[in-house]
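For reference, input.pdb (PDB, C-alpha atoms, pLDDT in the B column):
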```pdb
ATOM      1  CA  MET J1118     162.238  62.383 130.896  1.00 37.00           C
ATOM      2  CA  ALA J1119     161.959  64.317 127.599  1.00 44.00           C
ATOM      3  CA  ARG J1120     162.148  68.077 127.637  1.00 61.00           C
ATOM      4  CA  ASP J1121     159.219  70.096 126.380  1.00 72.00           C
ATOM      5  CA  SER J1122     160.946  72.515 123.989  1.00 86.00           C
ATOM      6  CA  SER J1123     157.711  74.326 123.066  1.00 89.00           C
ATOM      7  CA  ALA J1124     157.017  75.078 126.741  1.00 91.00           C
ATOM      8  CA  THR J1125     160.595  76.284 127.207  1.00 92.00           C
ATOM      9  CA  LYS J1126     160.366  78.494 124.112  1.00 94.00           C
ATOM     10  CA  ALA J1127     157.092  79.984 125.369  1.00 94.00           C
ATOM     11  CA  ARG J1128     158.614  80.711 128.793  1.00 95.00           C
ATOM     12  CA  LEU J1129     161.640  82.308 127.131  1.00 96.00           C
ATOM     13  CA  LEU J1130     159.440  84.506 124.922  1.00 96.00           C
ATOM     14  CA  ASP J1131     157.291  85.546 127.895  1.00 96.00           C
ATOM     15  CA  ALA J1132     160.336  86.389 130.002  1.00 97.00           C
ATOM     16  CA  ALA J1133     162.008  88.189 127.090  1.00 97.00           C
ATOM     17  CA  PHE J1134     158.841  90.221 126.447  1.00 96.00           C
ATOM     18  CA  ALA J1135     158.862  91.484 130.030  1.00 96.00           C
ATOM     19  CA  GLU J1136     162.606  92.195 129.921  1.00 96.00           C
ATOM     20  CA  PHE J1137     162.538  94.021 126.582  1.00 96.00           C
ATOM     21  CA  ALA J1138     159.449  96.035 127.498  1.00 93.00           C
ATOM     22  CA  ALA J1139     161.132  97.168 130.705  1.00 93.00           C
ATOM     23  CA  TYR J1140     164.692  97.757 129.483  1.00 95.00           C
ATOM     24  CA  GLY J1141     164.747  97.836 125.688  1.00 94.00           C
ATOM     25  CA  ILE J1142     167.191  95.808 123.643  1.00 95.00           C
ATOM     26  CA  ALA J1143     170.370  97.467 124.898  1.00 95.00           C
ATOM     27  CA  GLY J1144     169.334  97.284 128.545  1.00 96.00           C
ATOM     28  CA  ALA J1145     167.890  93.764 128.446  1.00 96.00           C
ATOM     29  CA  ARG J1146     170.035  91.024 129.938  1.00 97.00           C
ATOM     30  CA  VAL J1147     170.001  87.480 128.634  1.00 96.00           C
ATOM     31  CA  ASP J1148     170.912  86.231 132.123  1.00 96.00           C
ATOM     32  CA  ARG J1149     167.765  87.799 133.606  1.00 97.00           C
ATOM     33  CA  ILE J1150     165.630  86.380 130.804  1.00 97.00           C
ATOM     34  CA  ALA J1151     166.984  82.878 131.419  1.00 96.00           C
ATOM     35  CA  VAL J1152     166.413  83.135 135.169  1.00 96.00           C
ATOM     36  CA  ALA J1153     162.868  84.461 134.733  1.00 97.00           C
ATOM     37  CA  ALA J1154     162.094  81.685 132.230  1.00 96.00           C
ATOM     38  CA  GLN J1155     163.683  79.043 134.458  1.00 95.00           C
ATOM     39  CA  ALA J1156     165.735  77.950 131.462  1.00 94.00           C
ATOM     40  CA  ASN J1157     169.348  77.492 130.552  1.00 92.00           C
ATOM     41  CA  LYS J1158     170.796  80.672 129.035  1.00 93.00           C
ATOM     42  CA  ARG J1159     172.351  78.622 126.238  1.00 95.00           C
ATOM     43  CA  LEU J1160     168.862  77.701 124.996  1.00 94.00           C
ATOM     44  CA  ILE J1161     168.197  81.338 124.097  1.00 94.00           C
ATOM     45  CA  TYR J1162     171.043  81.183 121.598  1.00 94.00           C
ATOM     46  CA  VAL J1163     170.048  77.700 120.380  1.00 94.00           C
ATOM     47  CA  TYR J1164     166.418  78.685 119.761  1.00 95.00           C
ATOM     48  CA  TYR J1165     166.734  82.343 118.773  1.00 94.00           C
ATOM     49  CA  GLY J1166     170.330  83.116 117.790  1.00 93.00           C
ATOM     50  CA  ASN J1167     171.241  86.391 119.451  1.00 94.00           C
ATOM     51  CA  LYS J1168     169.497  89.011 121.574  1.00 94.00           C
ATOM     52  CA  GLU J1169     168.311  91.013 118.542  1.00 92.00           C
ATOM     53  CA  GLN J1170     166.809  87.899 116.956  1.00 93.00           C
ATOM     54  CA  LEU J1171     165.104  87.088 120.249  1.00 96.00           C
ATOM     55  CA  PHE J1172     163.675  90.619 120.291  1.00 95.00           C
ATOM     56  CA  ASP J1173     162.401  90.129 116.720  1.00 91.00           C
ATOM     57  CA  ALA J1174     160.698  86.861 117.749  1.00 93.00           C
ATOM     58  CA  VAL J1175     159.123  88.562 120.774  1.00 94.00           C
ATOM     59  CA  LEU J1176     157.876  91.487 118.685  1.00 91.00           C
ATOM     60  CA  GLN J1177     156.502  89.216 115.942  1.00 89.00           C
ATOM     61  CA  ARG J1178     154.649  87.118 118.516  1.00 91.00           C
ATOM     62  CA  ALA J1179     153.240  90.247 120.187  1.00 89.00           C
ATOM     63  CA  LEU J1180     152.026  91.664 116.863  1.00 84.00           C
ATOM     64  CA  GLU J1181     150.406  88.369 115.895  1.00 85.00           C
ATOM     65  CA  THR J1182     148.705  88.108 119.285  1.00 86.00           C
ATOM     66  CA  GLY J1183     147.463  91.686 118.945  1.00 81.00           C
ATOM     67  CA  SER J1184     146.084  91.019 115.454  1.00 81.00           C
ATOM     68  CA  GLU J1185     144.259  87.961 116.746  1.00 84.00           C
ATOM     69  CA  SER J1186     142.909  89.834 119.770  1.00 87.00           C
ATOM     70  CA  VAL J1187     141.726  92.839 117.740  1.00 90.00           C
ATOM     71  CA  PRO J1188     140.700  91.826 114.223  1.00 91.00           C
ATOM     72  CA  PHE J1189     140.878  94.654 111.706  1.00 92.00           C
ATOM     73  CA  ASP J1190     137.585  95.901 110.289  1.00 93.00           C
ATOM     74  CA  ALA J1191     137.917  98.693 107.735  1.00 94.00           C
ATOM     75  CA  GLU J1192     134.125  98.881 107.495  1.00 94.00           C
ATOM     76  CA  ASP J1193     133.894  99.874 111.158  1.00 95.00           C
ATOM     77  CA  LEU J1194     137.049 101.831 111.963  1.00 95.00           C
ATOM     78  CA  PRO J1195     135.510 103.564 115.016  1.00 96.00           C
ATOM     79  CA  ARG J1196     134.830 100.187 116.648  1.00 96.00           C
ATOM     80  CA  TYR J1197     138.280  98.966 115.631  1.00 95.00           C
ATOM     81  CA  VAL J1198     140.101 101.997 117.071  1.00 95.00           C
ATOM     82  CA  GLY J1199     138.188 101.582 120.345  1.00 95.00           C
ATOM     83  CA  ALA J1200     139.169  97.907 120.515  1.00 94.00           C
ATOM     84  CA  VAL J1201     142.826  98.754 119.818  1.00 93.00           C
ATOM     85  CA  PHE J1202     142.705 101.426 122.512  1.00 91.00           C
ATOM     86  CA  ASP J1203     141.267  98.909 125.001  1.00 91.00           C
ATOM     87  CA  HIS J1204     143.872  96.298 124.061  1.00 89.00           C
ATOM     88  CA  LEU J1205     146.750  98.727 124.540  1.00 87.00           C
ATOM     89  CA  VAL J1206     145.389 100.039 127.840  1.00 85.00           C
ATOM     90  CA  ALA J1207     145.182  96.452 129.068  1.00 85.00           C
ATOM     91  CA  ARG J1208     148.742  95.782 127.785  1.00 86.00           C
ATOM     92  CA  PRO J1209     150.808  98.943 128.316  1.00 83.00           C
ATOM     93  CA  ASP J1210     153.929  96.795 128.166  1.00 88.00           C
ATOM     94  CA  LEU J1211     153.140  96.108 124.512  1.00 87.00           C
ATOM     95  CA  MET J1212     153.257  99.798 123.673  1.00 85.00           C
ATOM     96  CA  ARG J1213     156.568 100.131 125.540  1.00 87.00           C
ATOM     97  CA  LEU J1214     157.967  97.206 123.523  1.00 89.00           C
ATOM     98  CA  VAL J1215     156.947  98.883 120.248  1.00 86.00           C
ATOM     99  CA  GLN J1216     158.456 102.175 121.406  1.00 86.00           C
ATOM    100  CA  TRP J1217     161.758 100.436 122.200  1.00 89.00           C
ATOM    101  CA  LYS J1218     161.729  98.911 118.699  1.00 88.00           C
ATOM    102  CA  GLN J1219     161.206 102.341 117.149  1.00 86.00           C
ATOM    103  CA  LEU J1220     164.001 103.847 119.244  1.00 89.00           C
ATOM    104  CA  GLU J1221     166.597 101.107 118.995  1.00 89.00           C
ATOM    105  CA  ARG J1222     165.891  99.375 115.690  1.00 83.00           C
ATOM    106  CA  PRO J1223     164.033 101.727 113.361  1.00 81.00           C
ATOM    107  CA  GLY J1224     163.596 100.204 109.944  1.00 73.00           C
ATOM    108  CA  SER J1225     164.908  96.795 110.964  1.00 63.00           C
ATOM    109  CA  GLY J1226     162.858  93.824 109.903  1.00 62.00           C
ATOM    110  CA  ASP J1227     159.414  94.054 108.462  1.00 67.00           C
ATOM    111  CA  ALA J1228     157.389  92.898 111.450  1.00 61.00           C
ATOM    112  CA  GLY J1229     153.858  93.953 110.720  1.00 68.00           C
ATOM    113  CA  ALA J1230     154.577  95.307 107.217  1.00 76.00           C
ATOM    114  CA  GLU J1231     152.438  92.719 105.409  1.00 78.00           C
ATOM    115  CA  SER J1232     149.631  93.174 107.915  1.00 81.00           C
ATOM    116  CA  TYR J1233     149.779  96.928 107.294  1.00 85.00           C
ATOM    117  CA  ARG J1234     149.544  96.424 103.511  1.00 90.00           C
ATOM    118  CA  VAL J1235     146.486  94.183 103.971  1.00 91.00           C
ATOM    119  CA  LYS J1236     144.825  96.831 106.153  1.00 93.00           C
ATOM    120  CA  ILE J1237     145.526  99.569 103.600  1.00 95.00           C
ATOM    121  CA  ALA J1238     143.909  97.443 100.881  1.00 96.00           C
ATOM    122  CA  ALA J1239     140.854  96.919 103.122  1.00 96.00           C
ATOM    123  CA  VAL J1240     140.585 100.678 103.691  1.00 96.00           C
ATOM    124  CA  GLU J1241     140.742 101.230  99.912  1.00 96.00           C
ATOM    125  CA  ARG J1242     137.860  98.752  99.422  1.00 96.00           C
ATOM    126  CA  ALA J1243     135.816 100.509 102.125  1.00 95.00           C
ATOM    127  CA  GLN J1244     136.474 103.820 100.372  1.00 95.00           C
ATOM    128  CA  ARG J1245     135.276 102.413  97.035  1.00 94.00           C
ATOM    129  CA  ALA J1246     132.148 101.133  98.818  1.00 93.00           C
ATOM    130  CA  GLY J1247     131.441 104.661 100.079  1.00 92.00           C
ATOM    131  CA  LEU J1248     131.980 103.804 103.754  1.00 92.00           C
ATOM    132  CA  ILE J1249     135.063 105.993 104.206  1.00 94.00           C
ATOM    133  CA  ASP J1250     135.863 109.413 102.769  1.00 93.00           C
ATOM    134  CA  PRO J1251     137.747 108.640  99.541  1.00 93.00           C
ATOM    135  CA  ALA J1252     139.617 111.963  99.683  1.00 93.00           C
ATOM    136  CA  LEU J1253     141.926 110.532 102.339  1.00 91.00           C
ATOM    137  CA  ASP J1254     144.977 108.519 101.327  1.00 96.00           C
ATOM    138  CA  PRO J1255     144.405 105.005 102.767  1.00 96.00           C
ATOM    139  CA  ALA J1256     147.906 104.738 104.241  1.00 95.00           C
ATOM    140  CA  ASP J1257     147.641 108.183 105.825  1.00 95.00           C
ATOM    141  CA  LEU J1258     144.212 107.361 107.205  1.00 95.00           C
ATOM    142  CA  LEU J1259     145.440 104.125 108.755  1.00 94.00           C
ATOM    143  CA  THR J1260     148.398 105.967 110.282  1.00 93.00           C
ATOM    144  CA  LEU J1261     146.038 108.553 111.792  1.00 94.00           C
ATOM    145  CA  VAL J1262     143.707 105.881 113.167  1.00 94.00           C
ATOM    146  CA  MET J1263     146.571 103.975 114.807  1.00 91.00           C
ATOM    147  CA  GLY J1264     148.074 107.225 116.083  1.00 90.00           C
ATOM    148  CA  LEU J1265     144.784 108.134 117.745  1.00 92.00           C
ATOM    149  CA  ALA J1266     144.545 104.695 119.353  1.00 90.00           C
ATOM    150  CA  GLN J1267     148.033 105.169 120.798  1.00 87.00           C
ATOM    151  CA  ALA J1268     147.846 108.889 121.592  1.00 83.00           C
ATOM    152  CA  TRP J1269     147.691 108.416 125.356  1.00 76.00           C
ATOM    153  CA  THR J1270     151.044 106.586 125.434  1.00 73.00           C
ATOM    154  CA  GLY J1271     153.027 109.806 125.399  1.00 69.00           C
ATOM    155  CA  ALA J1272     150.915 111.501 128.029  1.00 72.00           C
ATOM    156  CA  PRO J1273     152.376 111.865 131.521  1.00 70.00           C
ATOM    157  CA  GLY J1274     150.786 109.239 133.741  1.00 65.00           C
ATOM    158  CA  GLY J1275     149.207 107.444 130.809  1.00 66.00           C
ATOM    159  CA  PRO J1276     148.914 103.667 131.020  1.00 63.00           C
ATOM    160  CA  ALA J1277     152.163 103.100 129.103  1.00 61.00           C
ATOM    161  CA  ALA J1278     154.114 104.979 131.769  1.00 61.00           C
ATOM    162  CA  GLY J1279     153.848 101.929 134.008  1.00 61.00           C
ATOM    163  CA  VAL J1280     153.740 104.055 137.148  1.00 63.00           C
ATOM    164  CA  PRO J1281     150.681 103.092 139.210  1.00 64.00           C
ATOM    165  CA  GLU J1282     150.848 106.258 141.333  1.00 65.00           C
ATOM    166  CA  THR J1283     150.310 108.489 138.293  1.00 66.00           C
ATOM    167  CA  ALA J1284     147.953 106.217 136.341  1.00 71.00           C
ATOM    168  CA  TRP J1285     144.903 107.814 134.818  1.00 76.00           C
ATOM    169  CA  PRO J1286     141.624 107.143 136.604  1.00 80.00           C
ATOM    170  CA  ALA J1287     139.115 104.951 134.768  1.00 83.00           C
ATOM    171  CA  GLU J1288     136.863 107.934 134.050  1.00 90.00           C
ATOM    172  CA  ARG J1289     139.647 109.796 132.244  1.00 86.00           C
ATOM    173  CA  LEU J1290     140.500 106.710 130.195  1.00 85.00           C
ATOM    174  CA  ALA J1291     136.826 106.310 129.243  1.00 91.00           C
ATOM    175  CA  ARG J1292     136.588 109.956 128.146  1.00 92.00           C
ATOM    176  CA  HIS J1293     139.801 109.672 126.175  1.00 89.00           C
ATOM    177  CA  ARG J1294     138.602 106.463 124.510  1.00 93.00           C
ATOM    178  CA  GLU J1295     135.315 108.088 123.483  1.00 95.00           C
ATOM    179  CA  ALA J1296     137.179 111.096 122.081  1.00 94.00           C
ATOM    180  CA  VAL J1297     139.380 108.757 120.027  1.00 94.00           C
ATOM    181  CA  VAL J1298     136.382 106.834 118.664  1.00 96.00           C
ATOM    182  CA  GLU J1299     134.480 110.029 117.845  1.00 96.00           C
ATOM    183  CA  SER J1300     137.551 111.523 116.156  1.00 94.00           C
ATOM    184  CA  VAL J1301     137.814 108.508 113.858  1.00 95.00           C
ATOM    185  CA  ARG J1302     134.068 108.617 113.204  1.00 95.00           C
ATOM    186  CA  ARG J1303     134.410 112.236 112.017  1.00 94.00           C
ATOM    187  CA  LEU J1304     137.636 111.598 110.142  1.00 92.00           C
ATOM    188  CA  ILE J1305     136.221 108.853 107.938  1.00 93.00           C
ATOM    189  CA  ARG J1306     132.756 110.349 107.356  1.00 89.00           C
ATOM    190  CA  PRO J1307     132.245 110.745 103.620  1.00 81.00           C
ATOM    191  CA  ALA J1308     131.547 114.303 102.477  1.00 74.00           C
ATOM    192  CA  GLY J1309     127.854 115.099 102.648  1.00 69.00           C
ATOM    193  CA  ALA J1310     127.083 112.202 105.008  1.00 65.00           C
TER
END
```
Could you write out this file's structure as structure tokens?
Amino acid sequence: MARDSSATKARLLDAAFAEFAAYGIAGARVDRIAVAAQANKRLIYVYYGNKEQLFDAVLQRALETGSESVPFDAEDLPRYVGAVFDHLVARPDLMRLVQWKQLERPGSGDAGAESYRVKIAAVERAQRAGLIDPALDPADLLTLVMGLAQAWTGAPGGPAAGVPETAWPAERLARHREAVVESVRRLIRPAGA
């Protein structure tokens, strides 16, 4: 019976995502990943090289999945920021994974760099079309928008904390989401609009 390497790779990436989101790179254990994926530990090294390369593959996959789930729309940044907020609330483990990357491997790899450049160019086009205040630097604006979408992650009991007992009630999340969307709406409003 032939092995299904694509299914094994997917199980390894899923198990590694959970492990890295929970423990970071330094705390993650390849043995636990292999057990959770029901795969031979050796296959991690065959398919991905080392633990850092496995983390890079997990992060790249997560960023691609996020981009597919929440398509960027510079012409409607308030809608976009709300969709990003919803996506991250539904996947607090994703935000933890990104935070581990920033803590343990700042500046390593360029996961998401090209996507960021494409988004900045789209913001510039929306500014030229008069849809977004042109006084704002496009890169700074995009950073602010993403920061607003992720603002709850640092809050005690926010969804990224992963502690059900302290999780925010749905009403608080809804109010926070609306505040984020309205903040972006005001931020991008062209002068005199």
- Please provide as a VMD selection string all residues within 10 Å of range 1162-1176 of chain J, with the sequence filter that same-chain residues fewer than 4 positions apart are discarded (counting all atoms listed in the file). chain J and resid 1122 1125 to 1127 1129 to 1138 1141 to 1143 1145 to 1147 1157 to 1158 1180 to 1182 1211 1214 to 1215 1218 1222 1225 to 1229
- Query: What does the distance from CA of Ile1237 in chain J to CA of Ile1249 in chain J come to in Å, to one decimal?
  - Reply: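 Result for CA of Ile1237 in chain J versus CA of Ile1249 in chain J: 12.3 Å, one decimal.
With all atoms listed in the file as the atoms that count, the residue of J:Ala1239, J:Ala1200, J:Ala1268, J:Ala1296 with the shortest distance to Met1212 in chain J is J:Ala1268.
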- Query: What is the CA of Ala1179 in chain J to CA of Ala1266 in chain J distance in Å?
  - Reply: 16.9 Å
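Taking all atoms listed in the file into account, Val1262 in chain J lies nearest to J:Val1198 out of the set J:Leu1160, J:Val1198, J:Val1187, J:Leu1205.
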- Query: With only C-alpha atoms as the basis for distance, which of J:Asp1257, J:Glu1221, J:Glu1192, J:Asp1148 is at the shortest distance from Arg1302 in chain J?
  - Reply: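 Closest residue, counting only C-alpha atoms: J:Glu1192.
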- Item | Picked residues, the PyMOL selection byres ((chain J and resi 1247) around 12), as a list in words |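 That selection, the PyMOL selection byres ((chain J and resi 1247) around 12), comes back as Ala1191, Glu1192, Val1240, Glu1241, Arg1242, Ala1243, Gln1244, Arg1245, Ala1246, Leu1248, Ile1249, Asp1250, Pro1251, Ala1252, Ile1305, Arg1306, Pro1307, Ala1308, Gly1309 and Ala1310 of chain J.
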- Query: the PyMOL selection byres ((chain J and resi 1301) around 10) on the file shown: which residues, as a PyMOL selection string?
  - Reply: chain J and resi 1193-1199+1258+1261-1263+1265-1266+1295-1300+1302-1306
- Message: Report, in Å to a single decimal, how far apart CA of Arg1294 in chain J and CA of Asp1203 in chain J are.
- Response: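 These two atoms are separated by 8.0 Å.
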- For Arg1213 in chain J, which of J:Ala1139, J:Leu1290, J:Ala1156, J:Ala1256 is the closest residue, counting only C-alpha atoms? J:Ala1139
Taking all atoms of range 1153-1162 of chain J that appear in the file, build a box with edges along x, y and z, extend it by 5 Å on every side, and state its centre and edge lengths in Å to one decimal, as AutoDock Vina command-line options.
```
--center_x 167.2 --center_y 81.0 --center_z 128.2 --size_x 20.3 --size_y 17.0 --size_z 23.1
```
Could I see range 1258-1275 of chain J restored to N, CA and C atoms, set down as a JSON list (two decimals), keeping the file's coordinate frame?
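Printed below is rebuild_1.json as written:
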```
[["chain", "number", "residue", "atom", "x", "y", "z"],
["J", 1258, "LEU", "N", 145.35, 107.58, 106.32],
["J", 1258, "LEU", "CA", 144.21, 107.36, 107.20],
["J", 1258, "LEU", "C", 144.52, 106.29, 108.25],
["J", 1259, "LEU", "N", 145.10, 105.19, 107.81],
["J", 1259, "LEU", "CA", 145.44, 104.12, 108.76],
["J", 1259, "LEU", "C", 146.46, 104.61, 109.79],
["J", 1260, "THR", "N", 147.41, 105.41, 109.35],
["J", 1260, "THR", "CA", 148.40, 105.97, 110.28],
["J", 1260, "THR", "C", 147.72, 106.86, 111.32],
["J", 1261, "LEU", "N", 146.78, 107.68, 110.87],
["J", 1261, "LEU", "CA", 146.04, 108.55, 111.79],
["J", 1261, "LEU", "C", 145.21, 107.74, 112.78],
["J", 1262, "VAL", "N", 144.53, 106.72, 112.29],
["J", 1262, "VAL", "CA", 143.71, 105.88, 113.17],
["J", 1262, "VAL", "C", 144.57, 105.23, 114.24],
["J", 1263, "MET", "N", 145.69, 104.64, 113.83],
["J", 1263, "MET", "CA", 146.57, 103.98, 114.81],
["J", 1263, "MET", "C", 147.19, 105.01, 115.75],
["J", 1264, "GLY", "N", 147.53, 106.18, 115.23],
["J", 1264, "GLY", "CA", 148.07, 107.22, 116.08],
["J", 1264, "GLY", "C", 147.08, 107.67, 117.15],
["J", 1265, "LEU", "N", 145.81, 107.77, 116.76],
["J", 1265, "LEU", "CA", 144.78, 108.13, 117.74],
["J", 1265, "LEU", "C", 144.64, 107.05, 118.81],
["J", 1266, "ALA", "N", 144.68, 105.80, 118.39],
["J", 1266, "ALA", "CA", 144.54, 104.70, 119.35],
["J", 1266, "ALA", "C", 145.68, 104.70, 120.37],
["J", 1267, "GLN", "N", 146.84, 105.19, 119.95],
["J", 1267, "GLN", "CA", 148.03, 105.17, 120.80],
["J", 1267, "GLN", "C", 148.36, 106.52, 121.42],
["J", 1268, "ALA", "N", 147.52, 107.52, 121.19],
["J", 1268, "ALA", "CA", 147.85, 108.89, 121.59],
["J", 1268, "ALA", "C", 148.15, 109.04, 123.08],
["J", 1269, "TRP", "N", 147.50, 108.29, 123.92],
["J", 1269, "TRP", "CA", 147.69, 108.42, 125.36],
["J", 1269, "TRP", "C", 149.06, 107.95, 125.81],
["J", 1270, "THR", "N", 149.78, 107.17, 124.97],
["J", 1270, "THR", "CA", 151.04, 106.59, 125.43],
["J", 1270, "THR", "C", 152.09, 107.63, 125.78],
["J", 1271, "GLY", "N", 152.04, 108.77, 125.11],
["J", 1271, "GLY", "CA", 153.03, 109.81, 125.40],
["J", 1271, "GLY", "C", 152.62, 110.75, 126.51],
["J", 1272, "ALA", "N", 151.41, 110.59, 127.00],
["J", 1272, "ALA", "CA", 150.92, 111.50, 128.03],
["J", 1272, "ALA", "C", 151.49, 111.14, 129.40],
["J", 1273, "PRO", "N", 151.89, 112.14, 130.17],
["J", 1273, "PRO", "CA", 152.38, 111.86, 131.52],
["J", 1273, "PRO", "C", 151.30, 111.12, 132.33],
["J", 1274, "GLY", "N", 151.70, 110.03, 132.92],
["J", 1274, "GLY", "CA", 150.79, 109.24, 133.74],
["J", 1274, "GLY", "C", 149.87, 108.35, 132.94],
["J", 1275, "GLY", "N", 150.02, 108.33, 131.63],
["J", 1275, "GLY", "CA", 149.21, 107.44, 130.81],
["J", 1275, "GLY", "C", 149.53, 106.00, 131.13]]
```
